[in-house]
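A.B. asks: One structure, pasted below without further comment.
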Amino acid sequence: MTFKSTLKAALFSLLALGAVSGTANAQADAPLLSKVPPGTVLTIGDPETQKALELSGLDKELTFKVNWANISGGPQTSEAFRAKALDVGAVAEIPSIFANWNNLPVRNIAYSEHRYPIANPIYRFGIAPGVNAKSLADFRGKRIAFSPGQAQGTLVLRALRAAGLQKSDVTLIELPSTSDVYPKALASRQVDIAPLGGVNIRRYINQYGPEGASLLEHGLRDDPAHLYAPQWVLDDPAKAAALAEYVGLWARAIEWVNQNPEIWIKEYYVGQQGLSREDGEYLVHLEGEQIVPADWTEVKKRHQETINLLAQELGYEPYSVEQIFDNRFEKLAAAALAKSQ
């Protein structure tokens with residue numbers, strides 16, 4: 001499917017579904033309960049936090065039952081939300097934006113970022129062997145891997161805008177940003193440029209560097225991460241109270257990982273993910289320190305800029321960022337950290 005046909009399909013879906021439903025506009029302003037009612041159960045798709053809570057012992061502080069789901073990433077999480085099989089998920093910046101454009105009312109309830117986002121970006125642009133691209137301006141005329149509706153696709157749009165380029169100045173090649181699809185596309189010269197993340201950055205340059213492959217630092221923020229939940233879950237007082245408790249433990253789990261990199265490498269990256277120790281060490285260095293801001297003012301400002309960018313470039317209707325943040329949860333993560341210190 002071409003980029004043009006995908007865009008047409010997305011626009012048709014918007015018209016058919018009425019874009020953002022009235023439910024999504026509901027205000028989550030009912031006070032949170034101070035305690036989680038007995039018998040409350042949450043189904044949570046957040047594998048990293050699950051492991052961090054287990055290793056740190058913080059899971060013993062949960063006062064409600066958790067059904068852990070091995071679900072991550074926007075597409076899987078949104079699908080589980082629609083099936084009413086999941087109450088909360090952990091994703092990057094983009095899924096909640098597109099969920100509301102596709103009649104799935106959700107709200108962000110927790111936010112984390114890198115302390116040094118430019119020094120510790122999530123992605124680097126992989127440059128195919130033999131391709132000359134030393135700066136974002138060199139993207140002109142290139143074939144770029146593009147995944148609409150995902151963080152990698154949004155980074156491509158940000159990079160073009162930062163370089164003063166239009167989509168018409170490049171050729172966007174639709175490819176799913178899963179597994180090693182992008183490194184293989186680069187190596188086979190199916191594309192000239194692709195955003196790479198995680199161990200794919202290290203593996204790509206190690207494997208194809210001798211053939212002339214290279215990496216390009218983009219110098220842009222790409223670090224937002226969220227917990228988000230469907231509106232119908234947040235409208236349930238018992239589940240909302242459980243989510244409030246989970247947000248606090250989620251923040252403390254992030255801090256525990258910051259303070260225990262050796263255990264995290266051994267038990268999570270090597271023990272659970274099956275990576276080599278070298279890959280684990282690389283990822284810890286790549287990610288740097290995660291922090292939880294106590295105030296969402298700048299967070300929302302950047303999020304609104306992303307909504308506006310995607311609306312303009314992909315033909316969606318812009319909306320206010322307030323529609324997808326539940327302000328009842330804004331202070332909870334940082335307060336939990338302060339209380340535990």
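Identifiers for the structure tokens are assigned positionally: chains receive A, B, ... in sequence, residues are indexed from 1 per chain, and ligands are indexed from 1 in the order shown.
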With a cut-off of 8 Å, could you pull out the residues of region 189-302 of chain A touching region 53-75 of chain A and give me the nearest pair of atoms for each, distance in Å to one decimal, using only C-alpha atoms, ordered by chain and ascending number, as CSV?
C.D. replies:
```
residue,atom,partner,partner_atom,distance
A:Ala242,CA,A:Phe64,CA,6.9
A:Glu245,CA,A:Leu62,CA,7.6
A:Tyr246,CA,A:Leu62,CA,7.6
A:Leu249,CA,A:Leu58,CA,7.0
A:Trp250,CA,A:Leu53,CA,7.9
A:Ala253,CA,A:Leu53,CA,5.9
A:Trp256,CA,A:Ser56,CA,7.0
```
A.B. asks: Save out the residues we just selected, C-alpha atoms, as an mmCIF file, in the first residue's frame.
C.D. replies:
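Output below, filename again.cif:
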```cif
data_model
loop_
_atom_site.group_PDB
_atom_site.id
_atom_site.type_symbol
_atom_site.label_atom_id
_atom_site.label_comp_id
_atom_site.auth_asym_id
_atom_site.auth_seq_id
_atom_site.Cartn_x
_atom_site.Cartn_y
_atom_site.Cartn_z
ATOM 1 C CA ALA A 242 -5.700 1.511 41.253
ATOM 2 C CA GLU A 245 -1.365 3.664 42.930
ATOM 3 C CA TYR A 246 0.293 2.059 39.927
ATOM 4 C CA LEU A 249 5.013 2.501 41.797
ATOM 5 C CA TRP A 250 5.821 2.945 38.100
ATOM 6 C CA ALA A 253 10.450 1.458 39.393
ATOM 7 C CA TRP A 256 15.182 1.822 40.798
#
```
A.B. asks: Per DSSP on the backbone, filter region 9-244 of chain A down to the residues in alpha helix (DSSP H) and report them as a ChimeraX atom specification.
C.D. replies: /A:9-17,47-56,74-82,94-101,151-162,181-187,199-208,231-234,237-244
A.B. asks: Which residues, written as a list in words, have at least one atom at most 10 Å from Gly164 (chain A), with only C-alpha atoms counted and residues fewer than 5 positions away on the same chain left out?
C.D. replies: Leu136, Ala137, Arg140, Arg158, Ala159 and Asp169 of chain A
A.B. asks: Would you put the residues from that selection into a file with N, CA, C and O atoms, as a compact mmCIF listing (two decimals), in the first residue's frame?
C.D. replies:
```
# COMPACT_ATOMS: atom_id res chain seq x y z
N LEU A 136 20.71 16.57 8.17
CA LEU A 136 19.31 16.41 7.81
C LEU A 136 19.00 17.04 6.45
O LEU A 136 18.13 16.57 5.73
N ALA A 137 19.73 18.09 6.08
CA ALA A 137 19.51 18.72 4.78
C ALA A 137 19.81 17.76 3.64
O ALA A 137 19.25 17.89 2.54
N ARG A 140 17.20 15.45 1.26
CA ARG A 140 16.56 15.81 0.00
C ARG A 140 16.87 14.77 -1.09
O ARG A 140 18.02 14.39 -1.30
N ARG A 158 9.52 15.24 11.71
CA ARG A 158 10.21 16.30 12.46
C ARG A 158 11.55 16.64 11.79
O ARG A 158 11.95 17.81 11.72
N ALA A 159 12.26 15.62 11.34
CA ALA A 159 13.55 15.83 10.71
C ALA A 159 13.42 16.63 9.42
O ALA A 159 14.21 17.54 9.15
N ASP A 169 9.93 16.62 -1.18
CA ASP A 169 11.37 16.68 -1.44
C ASP A 169 12.05 15.33 -1.26
O ASP A 169 13.24 15.18 -1.57
```
A.B. asks: I need the strand (DSSP E or B) residues of region 72-160 of chain A per DSSP on the backbone, written as a ChimeraX atom specification.
C.D. replies: /A:88-92,106-114,123-127,143-146
A.B. asks: Could I get the residues of region 174-243 of chain A with an atom no further than 8 Å from an atom of region 267-291 of chain A, each paired with its nearest atom pair and that distance in Å to one decimal, using only C-alpha atoms, sorted by chain and residue number, as JSON lines?
C.D. replies:
```
{"residue": "A:Gly198", "atom": "CA", "partner": "A:Leu283", "partner_atom": "CA", "distance": 6.5}
{"residue": "A:Val199", "atom": "CA", "partner": "A:Asp279", "partner_atom": "CA", "distance": 6.3}
{"residue": "A:Arg202", "atom": "CA", "partner": "A:Tyr282", "partner_atom": "CA", "distance": 7.8}
```
A.B. asks: Let me make sure I understand: among A:Lys84, A:Arg189, A:Lys134, A:Arg143, which one has the smallest atom-to-atom distance to Ser168 (chain A) if we use only C-alpha atoms?
C.D. replies: A:Arg143
